[in-house]
Amino acid sequence: MQRFLLAFAVLLAAAGLAVAQTPPQPAAGQAVATFAGGCFWCTEADFDKLKGVVATTSGYIGGKVPNPSYERVSAGGTGYAEAVEVIYDPQQVSYAQLLAFYWRTVDPTVKDRQFCDRGDQYRTAIFVRNAEERKLAEASKEKVAAELKQPIYTQIVDATPFYTAEDYHQDFYKKNPTKYKFYRWNCGRDQRLEQLWGKPKGES
C-alpha cells in the first residue's frame, strides 16, 4: 500500500501511534487462521463478510525485523507481508471453507504483488499452525492450480509471530469508506477478481 496514505501514515506515526505487539486472542471454542492477500484493508473487509468469522485484525507476519511498522513494511525489504489474522468459530465455518473463500479474494497467479501493489510485502500466503492446516492448504492450492491451469505463487508457510498494525489500519474500510472504496476501485482488485474467478455468487 505505498499509495495514497504513506504520508498520512508517517504523520500518524509521528503523533505516537505505536504498533500493538499482541493481537486479540480467540475465546474458548474459537480458532485462528492467518492469510496474506495484498492490501490488508481489503483482506480484512472481505473476511468480515464471511459467516462464522468472529474478528479480523490487520498486521504483519513473516519477517525478522523487530517491531515492524507500516512505514517500514510498506517500503519493502523487511520480509513481512501485510496479512490478516482471522478469529473464527469452527462450528460455523471450517478451515477448509476459509481456504476456499480466501482463494476467491486474491490473484494467486502473480508473484510478490497483488493488483496495483508491488513488492513481497504484498505477496499472497497462507500461514499454517499445524500439520492438518498444511495438508488442507496444500490440497486447496492443488485444486486451484488445476482449476486455473496456471502456476500458483501463493506461499504455504509456518506461522511466525504476528504483529498487529497501527490502529488507523484496523477496520479502515469502516472508518474511511470513501478512501477505501477509491483505493480498491483504482487498484483494480474487484475487476481482476471477476476476470479470474467470475462474478461473485448472487451477482448477475
# chains A, B, ... in the order shown; residues from 1 in each chain; ligands from 1
call {"tool": "select_by_dssp", "arguments": {"residues": "region 43-99 of chain A", "states": "helix (DSSP H, G or I)", "output": "list in words"}}
result
Thr43, Glu44, Ala45, Asp46, Phe47, Tyr70, Glu71, Arg72, Val73, Ser74, Ala75, Tyr95, Ala96, Gln97, Leu98 and Leu99 of chain A
call {"tool": "residues_around", "arguments": {"residues": "Pro108 (chain A)", "least_positions_apart": "5", "cutoff": "10 Å", "atoms": "only C-alpha atoms", "output": "ChimeraX atom specification"}}
result
/A:37,103,113-114,123-125,141,144-145,148,150-155,196
call {"tool": "residues_around", "arguments": {"residues": "region 27-33 of chain A", "least_positions_apart": "6", "cutoff": "8 Å", "atoms": "only C-alpha atoms", "output": "list in words"}}
result
Glu85, Val86, Ile87, Tyr88, Asp89, Pro90, Tyr95, Phe127 and Val128 of chain A
call {"tool": "write_last_selection", "arguments": {"atoms": "C-alpha atoms", "output": "mmCIF file, in the first residue's frame"}}
result
data_model
loop_
_atom_site.group_PDB
_atom_site.id
_atom_site.type_symbol
_atom_site.label_atom_id
_atom_site.label_comp_id
_atom_site.auth_asym_id
_atom_site.auth_seq_id
_atom_site.Cartn_x
_atom_site.Cartn_y
_atom_site.Cartn_z
ATOM 1 C CA GLU A 85 -5.451 -12.764 11.428
ATOM 2 C CA VAL A 86 -8.925 -14.276 11.410
ATOM 3 C CA ILE A 87 -10.635 -15.498 14.573
ATOM 4 C CA TYR A 88 -13.441 -17.853 13.637
ATOM 5 C CA ASP A 89 -15.966 -20.277 15.056
ATOM 6 C CA PRO A 90 -15.255 -23.784 13.683
ATOM 7 C CA TYR A 95 -10.725 -24.073 7.999
ATOM 8 C CA PHE A 127 0.357 -19.181 7.327
ATOM 9 C CA VAL A 128 -0.339 -22.588 8.858
#
call {"tool": "residues_around", "arguments": {"residues": "Arg104 (chain A)", "least_positions_apart": "3", "cutoff": "8 Å", "atoms": "only C-alpha atoms", "output": "list of chain:residue names"}}
result
A:Ala100, A:Phe101, A:Asp107, A:Leu193, A:Trp197
call {"tool": "write_last_selection", "arguments": {"atoms": "N, CA and C atoms", "output": "PDB file, in the first residue's frame"}}
result
ATOM      1  N   ALA A 100     -11.195 -21.939   0.914  1.00  0.00           N
ATOM      2  CA  ALA A 100     -11.947 -21.792  -0.333  1.00  0.00           C
ATOM      3  C   ALA A 100     -12.352 -20.337  -0.542  1.00  0.00           C
ATOM      4  N   PHE A 101     -12.741 -19.675   0.535  1.00  0.00           N
ATOM      5  CA  PHE A 101     -13.116 -18.266   0.451  1.00  0.00           C
ATOM      6  C   PHE A 101     -11.902 -17.405   0.127  1.00  0.00           C
ATOM      7  N   ASP A 107      -5.432 -12.862  -6.291  1.00  0.00           N
ATOM      8  CA  ASP A 107      -4.917 -13.336  -7.581  1.00  0.00           C
ATOM      9  C   ASP A 107      -3.656 -14.136  -7.287  1.00  0.00           C
ATOM     10  N   LEU A 193     -10.426  -9.789  -9.963  1.00  0.00           N
ATOM     11  CA  LEU A 193     -11.024 -10.981  -9.340  1.00  0.00           C
ATOM     12  C   LEU A 193     -12.171 -11.517 -10.186  1.00  0.00           C
ATOM     13  N   TRP A 197     -12.045 -15.206 -11.501  1.00  0.00           N
ATOM     14  CA  TRP A 197     -12.938 -16.161 -10.837  1.00  0.00           C
ATOM     15  C   TRP A 197     -14.390 -16.089 -11.284  1.00  0.00           C
TER      16      TRP A 197
END
call {"tool": "closest_residue", "arguments": {"among": "A:Phe115, A:Tyr183, A:Phe162, A:Phe172", "to": "Gly38 (chain A)", "atoms": "only C-alpha atoms"}}
result
A:Phe115
call {"tool": "closest_residue", "arguments": {"among": "A:Pro24, A:Asp48, A:Gln121, A:Glu132", "to": "Lys174 (chain A)", "atoms": "only C-alpha atoms"}}
result
A:Asp48
